[in-house]
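The next block is start_39.txt, given as compact mmCIF, C-alpha atoms and all ligand atoms.
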```
# COMPACT_ATOMS: atom_id res chain seq x y z
CA MET L 1 22.51 5.16 19.48
CA VAL L 2 25.87 6.56 20.61
CA ILE L 3 27.06 5.18 23.94
CA LYS L 4 28.86 7.65 26.20
CA LYS L 5 30.89 6.24 29.06
CA ILE L 6 31.55 7.79 32.42
CA ALA L 7 33.81 7.00 35.35
CA ILE L 8 32.73 7.70 38.93
CA LEU L 9 35.18 8.24 41.78
CA PHE L 10 34.02 8.14 45.40
CA SER L 11 35.43 7.74 48.91
CA GLY L 12 32.54 7.02 51.24
CA SER L 13 28.83 6.41 51.54
CA GLY L 14 28.15 6.73 47.84
CA SER L 15 24.60 8.10 48.03
CA ASN L 16 25.33 10.30 45.02
CA LEU L 17 26.93 7.38 43.22
CA GLU L 18 23.72 5.42 43.76
CA LYS L 19 21.56 8.22 42.32
CA ILE L 20 23.71 8.18 39.17
CA LEU L 21 23.43 4.40 38.90
CA GLU L 22 19.65 4.66 39.37
CA GLY L 23 18.92 7.58 37.06
CA VAL L 24 21.68 7.67 34.46
CA HIS L 25 23.50 4.33 34.09
CA GLY L 26 22.29 2.26 31.16
CA ARG L 27 19.62 4.81 30.22
CA SER L 28 18.96 6.38 26.86
CA PHE L 29 18.46 10.11 26.45
CA SER L 30 17.73 12.18 23.33
CA THR L 31 21.10 11.76 21.66
CA CYS L 32 22.97 9.08 23.59
CA LYS L 33 22.93 6.22 26.03
CA ILE L 34 25.10 6.72 29.11
CA GLU L 35 26.98 3.88 30.75
CA VAL L 36 29.11 3.77 33.86
CA ALA L 37 32.30 2.13 32.60
CA CYS L 38 34.48 2.52 35.65
CA LEU L 39 34.13 2.95 39.41
CA ILE L 40 37.13 3.88 41.52
CA CYS L 41 37.28 4.16 45.30
CA ASN L 42 40.31 5.02 47.45
CA LYS L 43 38.88 3.37 50.60
CA LYS L 44 38.44 -0.39 50.68
CA ASP L 45 35.60 -0.30 53.24
CA ALA L 46 33.54 2.47 51.65
CA TYR L 47 29.80 1.71 51.68
CA GLY L 48 29.49 2.90 48.08
CA ILE L 49 31.23 -0.33 47.00
CA GLN L 50 28.22 -2.31 48.31
CA ARG L 51 25.76 0.06 46.65
CA ALA L 52 27.48 -0.50 43.29
CA LYS L 53 27.24 -4.28 43.68
CA LYS L 54 23.42 -3.98 43.73
CA TYR L 55 23.74 -2.72 40.16
CA GLY L 56 26.13 -5.51 39.21
CA LEU L 57 29.12 -3.19 39.15
CA GLU L 58 32.52 -3.87 40.64
CA THR L 59 34.67 -1.07 42.01
CA THR L 60 38.39 -0.76 41.41
CA ILE L 61 40.01 -0.01 44.74
CA ILE L 62 43.05 2.21 44.52
CA GLU L 63 44.23 3.01 48.01
CA HIS L 64 46.15 6.25 48.16
CA ALA L 65 48.14 4.97 51.14
CA ASN L 66 49.82 2.42 48.82
CA TYR L 67 51.33 5.12 46.62
CA GLU L 68 54.43 7.07 47.48
CA ASP L 69 53.05 10.43 46.42
CA ARG L 70 49.91 12.10 45.06
CA GLU L 71 51.26 12.03 41.51
CA SER L 72 51.75 8.27 41.33
CA PHE L 73 48.28 7.71 42.86
CA ASP L 74 46.79 10.06 40.26
CA ARG L 75 48.69 8.36 37.41
CA LYS L 76 47.23 4.99 38.42
CA MET L 77 43.69 6.39 38.43
CA VAL L 78 44.18 8.00 35.02
CA GLU L 79 45.46 4.68 33.65
CA VAL L 80 42.34 2.83 34.87
CA ILE L 81 40.00 5.58 33.64
CA LYS L 82 41.60 5.69 30.17
CA ALA L 83 41.46 1.89 29.87
CA SER L 84 37.70 2.03 30.56
CA GLY L 85 37.03 4.39 27.66
CA ALA L 86 35.23 6.91 29.92
CA GLN L 87 35.01 10.37 28.40
CA LEU L 88 33.75 12.11 31.54
CA VAL L 89 34.88 11.55 35.12
CA VAL L 90 32.47 12.34 37.94
CA LEU L 91 33.82 13.00 41.44
CA ALA L 92 30.93 12.03 43.72
CA GLY L 93 32.24 12.47 47.24
CA PHE L 94 35.84 11.77 46.27
CA MET L 95 37.88 13.24 49.10
CA ARG L 96 41.42 13.53 47.74
CA ILE L 97 43.28 16.54 46.44
CA LEU L 98 44.19 15.96 42.80
CA THR L 99 47.39 16.95 41.03
CA PRO L 100 47.91 18.07 37.41
CA GLU L 101 48.75 14.40 36.64
CA PHE L 102 45.02 13.88 37.00
CA THR L 103 43.46 17.23 36.09
CA LYS L 104 45.41 17.64 32.84
CA ASN L 105 44.68 14.13 31.61
CA VAL L 106 40.95 13.64 32.15
CA ASN L 107 37.80 15.72 31.80
CA ALA L 108 36.29 15.72 35.28
CA ILE L 109 33.44 17.34 37.19
CA ASN L 110 33.08 17.59 40.96
CA LEU L 111 30.12 17.86 43.30
CA HIS L 112 30.67 20.28 46.20
CA PRO L 113 28.27 20.97 49.09
CA SER L 114 28.43 24.78 49.07
CA LEU L 115 27.80 27.72 46.83
CA LEU L 116 31.27 28.02 45.34
CA PRO L 117 33.48 30.01 45.37
CA LEU L 118 32.46 30.16 49.03
CA PHE L 119 33.40 27.44 51.52
CA LYS L 120 35.94 25.40 49.59
CA GLY L 121 37.52 22.35 51.19
CA ALA L 122 36.49 19.39 53.29
CA HIS L 123 34.23 21.18 55.84
CA ALA L 124 31.95 23.02 53.47
CA ILE L 125 28.67 21.98 55.11
CA GLU L 126 29.66 23.05 58.63
CA ASP L 127 31.37 26.20 57.35
CA SER L 128 28.38 27.36 55.35
CA TYR L 129 25.93 26.42 58.12
CA ASN L 130 27.94 28.40 60.67
CA SER L 131 28.40 31.41 58.39
CA GLY L 132 26.10 34.41 58.56
CA MET L 133 24.62 33.59 55.16
CA LYS L 134 20.85 33.27 54.84
CA VAL L 135 21.16 30.57 52.17
CA GLY L 136 23.02 27.31 51.70
CA GLY L 137 23.66 25.56 48.44
CA ILE L 138 25.56 23.15 46.24
CA SER L 139 27.73 23.36 43.13
CA VAL L 140 28.87 21.15 40.28
CA HIS L 141 32.03 22.41 38.62
CA TYR L 142 34.75 21.34 36.23
CA VAL L 143 37.90 20.13 37.96
CA ASN L 144 41.15 21.99 37.45
CA GLU L 145 44.46 22.01 39.30
CA GLU L 146 43.12 24.36 41.99
CA LEU L 147 40.94 22.83 44.73
CA ASP L 148 37.18 23.46 44.20
CA ALA L 149 37.94 26.27 41.78
CA GLY L 150 37.15 25.13 38.22
CA GLU L 151 34.38 26.63 36.10
CA ILE L 152 30.97 26.32 37.75
CA ILE L 153 28.47 24.34 35.69
CA ALA L 154 25.37 24.27 37.90
CA GLN L 155 24.25 25.43 41.33
CA GLU L 156 21.17 25.21 43.54
CA CYS L 157 20.43 27.10 46.74
CA PHE L 158 17.83 27.22 49.50
CA LYS L 159 16.89 29.39 52.46
CA LYS L 160 18.36 28.28 55.78
CA GLU L 161 15.49 29.65 57.83
CA ASP L 162 15.54 27.92 61.23
CA MET L 163 17.09 24.61 60.12
CA ASN L 164 19.41 22.80 62.50
CA LEU L 165 22.67 21.39 61.14
CA GLU L 166 21.15 17.97 60.51
CA GLU L 167 18.25 19.41 58.52
CA PHE L 168 20.64 21.67 56.62
CA GLU L 169 22.78 18.67 55.68
CA GLU L 170 19.73 16.64 54.62
CA LYS L 171 18.58 19.49 52.38
CA ILE L 172 22.01 19.64 50.76
CA HIS L 173 22.04 15.92 50.05
CA ALA L 174 18.49 16.01 48.67
CA LEU L 175 19.49 18.74 46.21
CA GLU L 176 22.73 16.96 45.30
CA HIS L 177 20.89 13.74 44.50
CA LYS L 178 18.95 15.57 41.77
CA LEU L 179 21.51 18.06 40.49
CA LEU L 180 24.46 15.73 39.88
CA PRO L 181 22.59 13.22 37.67
CA LYS L 182 20.89 16.08 35.80
CA THR L 183 24.21 17.82 35.15
CA ILE L 184 25.82 14.64 33.81
CA ILE L 185 22.91 14.19 31.41
CA ASP L 186 23.02 17.87 30.38
CA ILE L 187 26.74 17.68 29.61
CA LEU L 188 26.68 14.43 27.67
CA ASP L 189 23.30 14.66 25.99
CA ASN L 190 23.41 18.33 25.03
CA GLN L 191 27.18 18.49 24.56
CA LYS L 192 27.25 21.59 26.78
C1 LIG K 201 28.56 15.01 49.21
O1 LIG K 201 27.86 15.86 50.08
C2 LIG K 201 29.52 15.81 48.37
O2 LIG K 201 29.06 17.10 48.05
C3 LIG K 201 30.72 15.89 49.27
O3 LIG K 201 30.81 14.61 49.83
C4 LIG K 201 29.49 14.08 50.00
C5 LIG K 201 29.48 12.65 49.48
O4 LIG K 201 28.30 11.99 49.86
N1 LIG K 201 31.91 16.23 48.54
C6 LIG K 201 32.84 17.07 49.00
O5 LIG K 201 32.78 17.59 50.11
C7 LIG K 201 33.97 17.34 48.05
N2 LIG K 201 34.81 18.38 48.53
P1 LIG K 201 27.98 10.54 49.28
O6 LIG K 201 29.21 9.67 49.50
O7 LIG K 201 26.81 10.05 50.08
O8 LIG K 201 27.67 10.68 47.82
```

Go ahead and express the file in the form of structure tokens.
Ligand code: GAR
Amino acid sequence: MVIKKIAILFSGSGSNLEKILEGVHGRSFSTCKIEVACLICNKKDAYGIQRAKKYGLETTIIEHANYEDRESFDRKMVEVIKASGAQLVVLAGFMRILTPEFTKNVNAINLHPSLLPLFKGAHAIEDSYNSGMKVGGISVHYVNEELDAGEIIAQECFKKEDMNLEEFEEKIHALEHKLLPKTIIDILDNQK
């Protein structure tokens, strides 16, 4: 069976990373087996690094602070991703703005905690909670040179009703934990 390799980039807790390791890594689907070939984190103390160790996977730490500009940081990540043989890069809570050095050289998808194109940026959960909208949601989209603006691949939404911010955030994460693994499988197994 064909093996398809992915790279995962993260910056923090890594709960979405863990769902991918649990439900996708090393598993066979109808047309391929998917393997995580590369993990990159830009924060040396991120909890996701410990989560990955439970699955026997080491994370390459590439600290953005050690690079003189965004381009040289991005070039280093592309070098590591290419060396791993990954054909799809998954941004799972990776909190850095990427330059064309990255976006033009790898095929990447990003998870974002809002119904794009609404509420782009780093405060999407608070912004969508505080908006007048009756629904909240999540998106998975292709990454291009514009922040949170590439083609949307999949979305889920839910009614806010009388949720407080904590419940709203929990609902978002619960949906993310299902949608991101499913989207990776859909892309690689169905060649969407
Ligand atoms: C997720 O909610 C993801 O949507 C968000 O970071 C969180 C990572 O959680 N990403 C962004 O806001 C990207 N702009 P995790 O580290 O527990 O997977």

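Using all atoms listed in the file, the shortest contact distance between Ala7 in chain L and any of L:Leu88, L:Leu57, L:Asn42, L:Ser28 is found at L:Leu88.
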
Inset, instruction - Rank L:Lys33, L:Lys134, L:Lys159, L:Arg70 by their smallest atom-to-atom distance to Lys171 in chain L, using only C-alpha atoms, and report the top residue only. - result: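 Checking each candidate against Lys171 in chain L, we get L:Lys159 as the closest.
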
At a cut-off of 7 Å, can you tabulate as a tab-separated table every residue of range 6-95 of chain L near range 102-110 of chain L together with its closest atom pair and the distance in Å to one decimal, using all atoms listed in the file and ordering rows by chain then number?
```
residue	atom	partner	partner_atom	distance
L:Asp74	CA	L:Phe102	CA	5.3
L:Arg75	CA	L:Phe102	CA	6.6
L:Val78	CA	L:Phe102	CA	6.3
L:Gln87	CA	L:Asn107	CA	6.9
L:Leu88	CA	L:Asn107	CA	5.4
L:Val89	CA	L:Ala108	CA	4.4
L:Val90	CA	L:Ile109	CA	5.1
L:Leu91	CA	L:Asn110	CA	4.7
L:Ala92	CA	L:Asn110	CA	6.6
```

Edge lengths and centre in Å to one decimal, as lines of an AutoDock Vina configuration file, of the axis-aligned box that encloses all listed atoms of ligand LIG 201 (chain K) with 6 Å added on every side?
```
center_x = 30.8
center_y = 14.0
center_z = 49.0
size_x = 20.0
size_y = 20.7
size_z = 14.3
```

Inset, instruction - Please indicate the distance in Å from CA of Ile61 in chain L to CA of Glu146 in chain L, rounded to one decimal place. - result: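 Computing it gives 24.7 Å between the two atoms.
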
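Taking CA of Val140 in chain L and CA of Asn66 in chain L as the two end points, the separation is 29.4 Å.
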
Legend entry - Separation of CA of Val36 in chain L from CA of Leu175 in chain L, in Å and rounded to one decimal: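 CA of Val36 in chain L sits 21.7 Å away from CA of Leu175 in chain L.
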
Inset, instruction - Could you please extract the residues within 10 Å of ligand LIG 201 (chain K), counting only C-alpha atoms and all ligand atoms, and hand them back as a PyMOL selection string? - result: chain L and resi 9-20+46-48+91-97+110-114+119-125+138-140+147-148+169-170+172-177+180

Would you save the residues of that selection, restricted to C-alpha atoms, as a compact mmCIF listing (two decimals), keeping the file's coordinate frame?
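again_30.txt, written as the output of this step:
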```txt
# COMPACT_ATOMS: atom_id res chain seq x y z
CA LEU L 9 35.18 8.24 41.78
CA PHE L 10 34.02 8.14 45.40
CA SER L 11 35.43 7.74 48.91
CA GLY L 12 32.54 7.02 51.24
CA SER L 13 28.83 6.41 51.54
CA GLY L 14 28.15 6.73 47.84
CA SER L 15 24.60 8.10 48.03
CA ASN L 16 25.33 10.30 45.02
CA LEU L 17 26.93 7.38 43.22
CA GLU L 18 23.72 5.42 43.76
CA LYS L 19 21.56 8.22 42.32
CA ILE L 20 23.71 8.18 39.17
CA ALA L 46 33.54 2.47 51.65
CA TYR L 47 29.80 1.71 51.68
CA GLY L 48 29.49 2.90 48.08
CA LEU L 91 33.82 13.00 41.44
CA ALA L 92 30.93 12.03 43.72
CA GLY L 93 32.24 12.47 47.24
CA PHE L 94 35.84 11.77 46.27
CA MET L 95 37.88 13.24 49.10
CA ARG L 96 41.42 13.53 47.74
CA ILE L 97 43.28 16.54 46.44
CA ASN L 110 33.08 17.59 40.96
CA LEU L 111 30.12 17.86 43.30
CA HIS L 112 30.67 20.28 46.20
CA PRO L 113 28.27 20.97 49.09
CA SER L 114 28.43 24.78 49.07
CA PHE L 119 33.40 27.44 51.52
CA LYS L 120 35.94 25.40 49.59
CA GLY L 121 37.52 22.35 51.19
CA ALA L 122 36.49 19.39 53.29
CA HIS L 123 34.23 21.18 55.84
CA ALA L 124 31.95 23.02 53.47
CA ILE L 125 28.67 21.98 55.11
CA ILE L 138 25.56 23.15 46.24
CA SER L 139 27.73 23.36 43.13
CA VAL L 140 28.87 21.15 40.28
CA LEU L 147 40.94 22.83 44.73
CA ASP L 148 37.18 23.46 44.20
CA GLU L 169 22.78 18.67 55.68
CA GLU L 170 19.73 16.64 54.62
CA ILE L 172 22.01 19.64 50.76
CA HIS L 173 22.04 15.92 50.05
CA ALA L 174 18.49 16.01 48.67
CA LEU L 175 19.49 18.74 46.21
CA GLU L 176 22.73 16.96 45.30
CA HIS L 177 20.89 13.74 44.50
CA LEU L 180 24.46 15.73 39.88
```

Inset, instruction - Select, from L:Leu98, L:Ile62, L:Val24, L:Cys32, the residue with the minimum atom-to-atom distance to Glu145 in chain L, counting only C-alpha atoms. - result: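 Closest to Glu145 in chain L of all the choices is L:Leu98.
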
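With only C-alpha atoms as the atoms that count, the residue of L:Thr183, L:Thr99, L:Thr60, L:Ser131 with the shortest distance to Ala37 in chain L is L:Thr60.
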
Inset, instruction - Pick out the closest residue to Glu63 in chain L from this set: L:Ile49, L:Leu116, L:Val2, L:Ile40. Count all atoms listed in the file. - result: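 Residue with the minimum atom-to-atom distance to Glu63 in chain L: L:Ile40.
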
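Nearest to Asn130 in chain L of all the residues L:Ile153, L:Ile81, L:Leu115, L:Leu165 is L:Leu165, counting all atoms listed in the file.
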